[in-house]
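Colleague: Contents are mmCIF, C-alpha atoms; file name target00.cif:
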data_coords
#
loop_
_atom_site.label_atom_id
_atom_site.label_comp_id
_atom_site.auth_asym_id
_atom_site.auth_seq_id
_atom_site.Cartn_x
_atom_site.Cartn_y
_atom_site.Cartn_z
CA MET F 275 4.39 -44.62 2.88
CA THR F 276 3.44 -43.66 -0.66
CA ALA F 277 5.69 -42.02 -3.24
CA GLY F 278 3.39 -39.00 -3.28
CA SER F 279 3.80 -38.38 0.44
CA LEU F 280 7.56 -38.78 0.14
CA ASP F 281 7.61 -36.25 -2.69
CA THR F 282 5.52 -33.80 -0.65
CA LYS F 283 7.83 -34.16 2.34
CA SER F 284 10.85 -33.69 0.10
CA ARG F 285 9.44 -30.48 -1.33
CA LEU F 286 8.50 -29.18 2.12
CA ALA F 287 11.98 -29.95 3.42
CA THR F 288 13.53 -28.15 0.46
CA ILE F 289 11.38 -25.05 1.07
CA LEU F 290 12.28 -24.97 4.77
CA VAL F 291 15.98 -25.40 4.00
CA SER F 292 15.78 -22.60 1.43
CA ILE F 293 14.21 -20.24 3.96
CA ALA F 294 16.77 -21.19 6.59
CA VAL F 295 19.65 -20.55 4.16
CA ALA F 296 18.15 -17.17 3.22
CA VAL F 297 17.81 -16.20 6.89
CA ILE F 298 21.43 -17.21 7.57
CA LEU F 299 22.72 -15.29 4.56
CA GLY F 300 20.62 -12.30 5.56
CA GLY F 301 22.09 -12.51 9.06
CA ILE F 302 25.58 -12.43 7.59
CA VAL F 303 24.71 -9.31 5.61
CA VAL F 304 23.28 -7.66 8.72
CA ALA F 305 26.30 -8.65 10.81
CA SER F 306 28.59 -7.07 8.21
CA THR F 307 26.99 -3.71 9.03
CA GLY F 308 27.90 -4.11 12.70
CA ALA F 309 24.35 -4.87 13.86
CA ASN F 310 23.09 -7.88 15.78
CA PRO F 311 21.12 -10.15 13.39
CA LEU F 312 18.96 -11.51 16.21
CA SER F 313 17.95 -8.00 17.26
CA VAL F 314 17.16 -7.09 13.67
CA TYR F 315 14.97 -10.15 13.13
CA ARG F 316 13.23 -9.63 16.46
CA GLU F 317 12.38 -6.02 15.57
CA ILE F 318 11.12 -7.07 12.14
CA VAL F 319 8.79 -9.70 13.61
CA GLN F 320 7.54 -7.45 16.41
CA GLY F 321 7.12 -4.50 14.06
CA ALA F 322 5.04 -6.55 11.65
CA PHE F 323 2.79 -8.47 14.06
CA VAL F 324 2.69 -6.70 17.45
CA GLY F 325 0.37 -3.81 18.24
CA ARG F 326 -0.17 -1.31 15.47
CA GLY F 327 2.20 -3.24 13.22
CA LEU F 328 -0.36 -5.99 12.69
CA SER F 329 -2.91 -3.49 11.39
CA GLU F 330 -0.31 -1.97 9.05
CA THR F 331 0.66 -5.41 7.78
CA LEU F 332 -2.97 -6.29 7.04
CA ASN F 333 -3.58 -2.97 5.28
CA ARG F 334 -0.50 -3.39 3.13
CA SER F 335 -1.48 -6.98 2.39
CA VAL F 336 -4.69 -5.90 0.65
CA PRO F 337 -3.09 -4.42 -2.49
CA LEU F 338 -0.25 -6.96 -2.42
CA ILE F 339 -2.65 -9.90 -2.37
CA GLY F 340 -4.72 -8.32 -5.12
CA MET F 341 -1.77 -7.74 -7.45
CA ALA F 342 -0.32 -11.16 -6.64
CA LEU F 343 -3.60 -12.91 -7.48
CA ALA F 344 -3.92 -10.83 -10.66
CA ALA F 345 -0.54 -12.18 -11.78
CA ALA F 346 -1.31 -15.71 -10.57
CA ILE F 347 -4.58 -15.90 -12.53
CA ALA F 348 -2.70 -15.06 -15.71
CA PHE F 349 0.17 -17.43 -14.92
CA ARG F 350 -2.28 -20.26 -14.31
CA ALA F 351 -3.54 -19.96 -17.89
CA GLY F 352 -0.12 -19.51 -19.47
CA LEU F 353 -0.17 -15.69 -19.70
CA ILE F 354 2.38 -13.28 -18.23
CA ASN F 355 0.73 -10.03 -17.21
CA LEU F 356 3.37 -7.32 -16.83
CA GLY F 357 0.86 -4.50 -17.15
CA GLY F 358 -0.45 -4.48 -13.61
CA ASP F 359 0.70 -0.90 -13.08
CA GLY F 360 -1.33 0.40 -16.00
CA GLN F 361 -4.42 -1.61 -15.12
CA MET F 362 -4.23 -0.42 -11.53
CA LEU F 363 -3.85 3.19 -12.69
CA VAL F 364 -6.83 3.20 -15.04
CA GLY F 365 -8.90 1.42 -12.40
CA GLY F 366 -7.91 3.89 -9.71
CA LEU F 367 -8.60 6.90 -11.92
CA ALA F 368 -11.97 5.49 -13.00
CA ALA F 369 -12.91 4.96 -9.35
CA ALA F 370 -11.86 8.51 -8.46
CA LEU F 371 -13.83 10.06 -11.32
CA VAL F 372 -17.00 8.12 -10.51
CA ALA F 373 -16.69 8.88 -6.80
CA LEU F 374 -16.17 12.58 -7.54
CA TYR F 375 -18.62 13.33 -10.34
CA VAL F 376 -21.40 10.72 -10.51
CA PRO F 377 -24.56 12.14 -8.85
CA ALA F 378 -25.54 9.23 -6.61
CA PRO F 379 -25.85 8.55 -2.87
CA GLY F 380 -22.58 7.87 -1.07
CA ALA F 381 -22.81 4.09 -0.71
CA ALA F 382 -24.18 3.67 -4.24
CA ARG F 383 -21.43 5.91 -5.57
CA ALA F 384 -18.80 3.73 -3.88
CA VAL F 385 -20.27 0.60 -5.46
CA LEU F 386 -20.36 2.29 -8.86
CA ALA F 387 -16.77 3.42 -8.43
CA LEU F 388 -15.63 -0.12 -7.64
CA THR F 389 -17.55 -1.45 -10.64
CA ALA F 390 -16.05 1.19 -12.92
CA ALA F 391 -12.54 0.33 -11.72
CA ILE F 392 -13.08 -3.38 -12.32
CA CYS F 393 -14.38 -2.74 -15.84
CA ALA F 394 -11.64 -0.23 -16.68
CA GLY F 395 -8.79 -2.47 -15.51
CA GLY F 396 -10.31 -5.53 -17.17
CA LEU F 397 -10.87 -3.80 -20.51
CA TYR F 398 -7.36 -2.40 -20.49
CA ALA F 399 -5.89 -5.89 -20.07
CA TRP F 400 -8.37 -7.24 -22.64
CA ILE F 401 -6.90 -4.84 -25.22
CA ALA F 402 -3.51 -6.51 -24.72
CA ALA F 403 -5.10 -9.93 -25.24
CA VAL F 404 -6.79 -8.77 -28.46
CA LEU F 405 -3.48 -7.41 -29.76
CA GLN F 406 -1.86 -10.78 -29.08
CA LEU F 407 -4.62 -12.68 -30.86
CA SER F 408 -4.93 -10.32 -33.83
CA LEU F 409 -1.32 -9.15 -34.36
CA SER F 410 0.61 -12.01 -32.69
CA ILE F 411 2.31 -9.60 -30.28
CA PRO F 412 3.06 -11.46 -27.02
CA PHE F 413 0.73 -10.55 -24.17
CA LEU F 414 3.61 -9.74 -21.82
CA ILE F 415 4.91 -7.13 -24.31
CA THR F 416 1.56 -5.51 -25.05
CA SER F 417 0.52 -5.41 -21.41
CA LEU F 418 3.83 -3.80 -20.43
CA LEU F 419 3.72 -1.19 -23.21
CA LEU F 420 0.10 -0.32 -22.44
CA SER F 421 1.21 0.26 -18.85
CA TYR F 422 3.54 3.04 -20.00
CA ILE F 423 0.69 4.61 -21.97
CA ALA F 424 -1.53 4.52 -18.89
CA ARG F 425 1.17 6.22 -16.83
CA GLY F 426 1.49 9.06 -19.32
CA VAL F 427 -2.22 9.60 -19.86
CA THR F 428 -3.20 9.51 -16.18
CA SER F 429 -0.27 11.78 -15.28
CA TYR F 430 -1.40 14.35 -17.85
CA LEU F 431 -5.02 14.22 -16.70
CA VAL F 432 -4.29 14.79 -13.01
CA ARG F 433 -1.72 17.48 -13.78
CA TYR F 434 -4.00 19.55 -15.99
CA PRO F 435 -7.76 19.02 -16.61
CA LEU F 436 -8.53 17.05 -13.41
CA ARG F 437 -6.14 18.78 -11.02
CA ASP F 438 -7.30 20.28 -7.76
CA PRO F 439 -5.94 23.85 -7.94
CA SER F 440 -6.10 24.29 -4.17
CA THR F 441 -3.14 21.93 -3.64
CA GLY F 442 0.42 22.09 -4.84
CA MET F 443 0.40 18.45 -5.91
CA PRO F 444 -0.70 16.91 -9.21
CA GLU F 445 -3.85 15.26 -7.85
CA THR F 446 -7.61 15.24 -8.19
CA TYR F 447 -10.14 16.65 -5.77
CA ARG F 448 -10.67 14.74 -2.54
CA VAL F 449 -13.37 12.06 -2.54
CA ALA F 450 -16.29 12.88 -0.28
CA SER F 451 -16.50 11.00 3.00
CA ALA F 452 -19.79 9.35 2.05
CA ALA F 453 -18.18 7.69 -0.99
CA ARG F 454 -15.20 6.27 0.89
CA LEU F 455 -14.80 2.70 2.08
CA PRO F 456 -14.98 2.32 5.89
CA ALA F 457 -11.58 1.95 7.53
CA ASN F 458 -12.88 0.33 10.73
CA LEU F 459 -15.83 -2.03 10.79
CA PHE F 460 -17.55 -3.07 14.01
CA ASP F 461 -15.09 -0.95 16.02
CA VAL F 462 -12.17 -3.21 15.07
CA PRO F 463 -9.21 -2.44 12.73
CA VAL F 464 -10.76 -4.37 9.83
CA SER F 465 -11.44 -2.29 6.75
CA MET F 466 -13.94 -2.84 3.98
CA GLY F 467 -11.00 -3.33 1.63
CA MET F 468 -9.81 -6.28 3.71
CA LEU F 469 -13.23 -7.93 3.53
CA ILE F 470 -13.50 -7.35 -0.22
CA MET F 471 -10.04 -8.77 -0.88
CA ALA F 472 -10.71 -11.73 1.41
CA GLY F 473 -13.85 -12.49 -0.60
CA VAL F 474 -11.93 -12.20 -3.86
CA ALA F 475 -9.19 -14.51 -2.59
CA ILE F 476 -11.72 -17.12 -1.47
CA ALA F 477 -13.49 -16.95 -4.84
CA VAL F 478 -10.19 -17.40 -6.73
CA ILE F 479 -9.17 -20.35 -4.55
CA ILE F 480 -12.55 -22.09 -4.92
CA ASN F 481 -12.55 -21.56 -8.68
CA ASP F 482 -9.02 -22.89 -8.96
CA ARG F 483 -9.76 -26.02 -6.94
CA HIS F 484 -13.33 -26.85 -7.88
CA GLY F 485 -14.38 -24.65 -10.80
CA VAL F 486 -14.48 -25.68 -14.44
CA ASN F 487 -12.68 -22.48 -15.43
CA GLY F 488 -9.91 -23.15 -12.93
CA PHE F 489 -9.41 -26.65 -14.30
CA GLU F 490 -9.29 -25.38 -17.88
CA TRP F 491 -6.79 -22.66 -16.92
CA ARG F 492 -4.46 -25.19 -15.31
CA ILE F 493 -4.67 -27.50 -18.34
CA THR F 494 -3.92 -24.61 -20.68
CA GLY F 495 -0.99 -23.45 -18.58
CA LEU F 496 0.50 -26.95 -18.54
CA ASN F 497 -0.13 -27.88 -22.17
CA PRO F 498 -1.92 -25.45 -24.52
CA ARG F 499 -1.98 -27.93 -27.40
CA PHE F 500 -3.66 -30.61 -25.31
CA ALA F 501 -6.15 -28.01 -24.03
CA GLN F 502 -7.03 -27.08 -27.59
CA TYR F 503 -7.46 -30.72 -28.61
CA SER F 504 -9.77 -31.24 -25.61
CA GLY F 505 -12.14 -28.59 -26.93
CA ILE F 506 -11.05 -25.49 -25.00
CA SER F 507 -11.27 -22.28 -27.05
CA LEU F 508 -7.88 -20.72 -26.43
CA PRO F 509 -8.69 -17.28 -27.93
CA ARG F 510 -11.84 -16.96 -25.82
CA GLN F 511 -10.02 -18.15 -22.72
CA THR F 512 -7.13 -15.75 -23.31
CA GLN F 513 -9.50 -12.80 -23.46
CA ARG F 514 -11.43 -13.97 -20.41
CA VAL F 515 -8.33 -14.55 -18.28
CA ALA F 516 -6.79 -11.24 -19.36
CA PHE F 517 -9.97 -9.40 -18.44
CA LEU F 518 -10.18 -11.05 -15.01
CA SER F 519 -6.51 -10.39 -14.27
CA GLY F 520 -6.83 -6.74 -15.27
CA ALA F 521 -10.12 -6.39 -13.41
CA LEU F 522 -8.46 -7.50 -10.19
CA ALA F 523 -5.64 -4.99 -10.70
CA GLY F 524 -8.23 -2.27 -11.34
CA LEU F 525 -10.03 -3.25 -8.15
CA VAL F 526 -6.78 -2.80 -6.23
CA GLY F 527 -6.51 0.73 -7.59
CA ALA F 528 -10.06 1.48 -6.47
CA LEU F 529 -9.48 0.08 -2.98
CA LEU F 530 -6.42 2.27 -2.57
CA ILE F 531 -8.23 5.39 -3.75
CA LEU F 532 -11.48 4.85 -1.85
CA GLY F 533 -10.03 3.22 1.25
CA GLN F 534 -6.65 4.86 1.89
CA GLN F 535 -5.63 7.80 -0.31
CA TYR F 536 -9.07 9.35 -1.04
CA ARG F 537 -7.79 11.09 -4.18
CA PHE F 538 -5.80 10.15 -7.28
CA THR F 539 -2.26 11.54 -6.95
CA ASP F 540 0.25 11.20 -9.75
CA GLY F 541 2.68 8.40 -8.85
CA ALA F 542 1.11 7.54 -5.48
CA LEU F 543 -0.29 4.18 -6.59
CA LEU F 544 3.00 3.05 -8.12
CA ALA F 545 5.47 4.23 -5.47
CA PRO F 546 5.07 1.22 -3.10
CA GLY F 547 5.81 -1.25 -5.92
CA TYR F 548 2.72 -3.40 -5.37
CA THR F 549 2.76 -4.76 -8.91
CA TRP F 550 6.26 -6.16 -8.87
CA SER F 551 6.05 -7.46 -5.31
CA GLY F 552 2.82 -9.21 -6.26
CA LEU F 553 4.44 -10.59 -9.40
CA MET F 554 7.29 -12.03 -7.34
CA ALA F 555 4.84 -13.53 -4.86
CA ALA F 556 2.93 -15.25 -7.68
CA VAL F 557 6.13 -16.58 -9.25
CA LEU F 558 7.49 -17.93 -5.98
CA ALA F 559 4.13 -19.55 -5.19
CA MET F 560 4.09 -21.15 -8.66
CA ALA F 561 0.72 -19.44 -9.24
CA SER F 562 -1.01 -21.49 -6.55
CA PRO F 563 -3.71 -19.15 -5.16
CA VAL F 564 -3.33 -20.27 -1.54
CA ALA F 565 0.46 -20.07 -1.63
CA THR F 566 0.23 -16.74 -3.45
CA VAL F 567 -1.87 -15.22 -0.67
CA VAL F 568 0.50 -16.54 2.01
CA THR F 569 3.57 -15.25 0.16
CA ALA F 570 1.97 -11.83 -0.37
CA VAL F 571 1.20 -11.52 3.35
CA PHE F 572 4.77 -12.57 4.14
CA PHE F 573 6.19 -9.88 1.86
CA SER F 574 3.88 -7.33 3.44
CA ALA F 575 5.03 -8.29 6.93
CA LEU F 576 8.66 -8.14 5.86
CA GLN F 577 8.27 -4.63 4.44
CA VAL F 578 6.28 -3.28 7.40
CA GLY F 579 8.71 -4.91 9.83
CA GLY F 580 11.60 -3.31 7.95
CA PHE F 581 10.26 0.18 8.61
CA ALA F 582 9.76 -0.68 12.28
CA MET F 583 13.31 -2.01 12.48
CA GLU F 584 14.58 1.22 10.93
CA ARG F 585 12.77 3.28 13.57
CA ALA F 586 13.91 1.09 16.47
CA LEU F 587 17.54 0.40 15.54
CA GLY F 588 18.39 3.19 13.14
CA LEU F 589 19.33 0.74 10.40
CA PRO F 590 18.11 1.35 6.84
CA ALA F 591 14.91 -0.47 5.90
CA VAL F 592 16.60 -1.44 2.64
CA LEU F 593 18.14 -4.35 4.58
CA THR F 594 14.74 -6.03 4.49
CA TRP F 595 14.75 -5.72 0.69
CA VAL F 596 18.12 -7.48 0.72
CA LEU F 597 16.60 -10.22 2.87
CA GLN F 598 13.59 -10.41 0.55
CA ALA F 599 15.89 -10.76 -2.45
CA LEU F 600 17.84 -13.55 -0.76
CA ILE F 601 14.64 -15.39 0.12
CA ILE F 602 13.44 -15.02 -3.46
CA LEU F 603 16.70 -16.41 -4.83
CA CYS F 604 16.71 -19.37 -2.44
CA LEU F 605 13.04 -20.19 -2.96
CA ALA F 606 13.35 -19.76 -6.72
CA ALA F 607 16.15 -22.34 -6.68
CA ARG F 608 14.07 -24.94 -4.85
CA PRO F 609 12.73 -26.64 -8.03
CA VAL F 610 16.35 -27.31 -9.04
CA PHE F 611 17.03 -28.88 -5.66
CA VAL F 612 13.89 -31.00 -5.89
CA ARG F 613 14.78 -32.29 -9.38
CA ARG F 614 18.31 -33.14 -8.33
CA ARG F 615 17.05 -34.93 -5.27
#
Taking this structure as input, can you express it in the form of structure tokens?
Modeller:
Amino acid sequence: MTAGSLDTKSRLATILVSIAVAVILGGIVVASTGANPLSVYREIVQGAFVGRGLSETLNRSVPLIGMALAAAIAFRAGLINLGGDGQMLVGGLAAALVALYVPAPGAARAVLALTAAICAGGLYAWIAAVLQLSLSIPFLITSLLLSYIARGVTSYLVRYPLRDPSTGMPETYRVASAARLPANLFDVPVSMGMLIMAGVAIAVIINDRHGVNGFEWRITGLNPRFAQYSGISLPRQTQRVAFLSGALAGLVGALLILGQQYRFTDGALLAPGYTWSGLMAAVLAMASPVATVVTAVFFSALQVGGFAMERALGLPAVLTWVLQALIILCLAARPVFVRRR
């Protein structure tokens, strides 16, 4: 047996032990409320994967996977993108405006809206990269601050010049049916957003494993100085990675607007916390695209199952957030366990 296989088995054992410890600690927390931990876990699993719950889990996984991959792409190249909220907002608003006001056939308008969202989110993240390169302001700071600007600007626009006066909410007009993304394809609960995100995930995984860009990003993330000595243009790569990360966040905004919400409502894109859940998924997966996708789906199932558990047992769904936090802490500690071992 080789040392590599032993190391892989050691890491796998550490991950499984970490999950088991988190489940036990979560059970203790649940038991302290007077509930049966086994019943709670059973309701969470059934609520996330049985019947309608599976469809809800898949739908919630679309934006979570997108935001997680957006963070993972940046992490892979040594960047920390904390501006996912802002990039998603500008992408979602761009998609809504194109879908509402561009005079084009329905399907063409949807494609144009998706393209506009990708460009808007990518350019917004690219601005943060340019500020880092030109003014030496860290990308994580500029991306985060630009996110606050995006919140303020989009909130003003939908509250005043773009508001639909027929509703009592700060939101735009409703996107026409012809410009929306289909929610059920081939008479099955598979939406166009799921297919688009699946294609994006496959492309990211292939690029990471076999693409030249993916190899250069990993080298830069591990050792920027060595990457520069090997001939990689770090400024160009920083701008490219920032654009791609922001473009993916903008795409998520468009998928939510065109596939679920059908109008841009102030605060609606940010309320579920997709950006930060995706960021945690990318961190826990150590920016590995495959692991990031799996972790994002797991978080989605945990959140959907939490709401089902609340309906079935009358317990607050916040217990699943406690469980998620415990899992995050235990999994985040696994590198320490591996090094000690």
Colleague: Using all atoms listed in the file, which of F:Thr539, F:Ser551, F:Asn355, F:Ser329 sits nearest Val449 of chain F?
Modeller: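 Closest to Val449 of chain F, using all atoms listed in the file: F:Thr539.
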Colleague: I'd like the residues picked by the PyMOL selection byres ((chain F and resi 455) around 7) written out as an NGL selection string, using the chain letters and numbers from the file.
Modeller: :F and (453-454 or 456-457 or 466 or 532-533)
Colleague: What are the centre and the three edge lengths of an axis-aligned box that wraps all atoms of segment 345-364 of chain F in the file, given that 3 Å is added to every side, written as JSON and rounded to one decimal in Å?
Modeller:
{"center_x": -1.7, "center_y": -8.5, "center_z": -15.1, "size_x": 16.2, "size_y": 29.5, "size_z": 15.1}
Colleague: Could you work out how far atom CA of Met583 of chain F lies from atom CA of Glu317 of chain F, giving the answer in Å with one decimal?
Modeller: 5.1 Å
Colleague: If the PyMOL selection byres ((chain F and resi 334) around 9) were run on this exact file, what residues would it hold? Put them as a list of chain:residue names.
Modeller: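 So the PyMOL selection byres ((chain F and resi 334) around 9) ends up selecting F:Ser329, F:Glu330, F:Thr331, F:Leu332, F:Asn333, F:Ser335, F:Val336, F:Pro337, F:Leu338, F:Ile339, F:Val571, F:Ser574, F:Ala575, F:Gln577, F:Val578.
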Colleague: Could you name the residues that touch Ala586 of chain F at 10 Å or less, counting all atoms listed in the file, but leaving out those on the same chain fewer than 4 positions away, as number ranges by chain?
Modeller: F: 313-314, 317-318, 321, 580-582
Colleague: Go through F:Val364, F:Val474, F:Met554, F:Ala351 and flag the residue nearest Glu490 of chain F, using all atoms listed in the file for the distances.
Modeller: F:Ala351
Colleague: Which residue out of F:Thr566, F:Ser451, F:Gln361, F:Gln535 has the minimum interatomic distance to Ala391 of chain F when all atoms listed in the file are used?
Modeller: F:Gln361
Colleague: For each of F:Ala403, F:Leu363, F:Ala305, F:Met341, take the minimum atom-to-atom distance to Ile423 of chain F, counting only C-alpha atoms, then give the residue where this is smallest.
Modeller: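 Counting only C-alpha atoms, the residue closest to Ile423 of chain F is F:Leu363.
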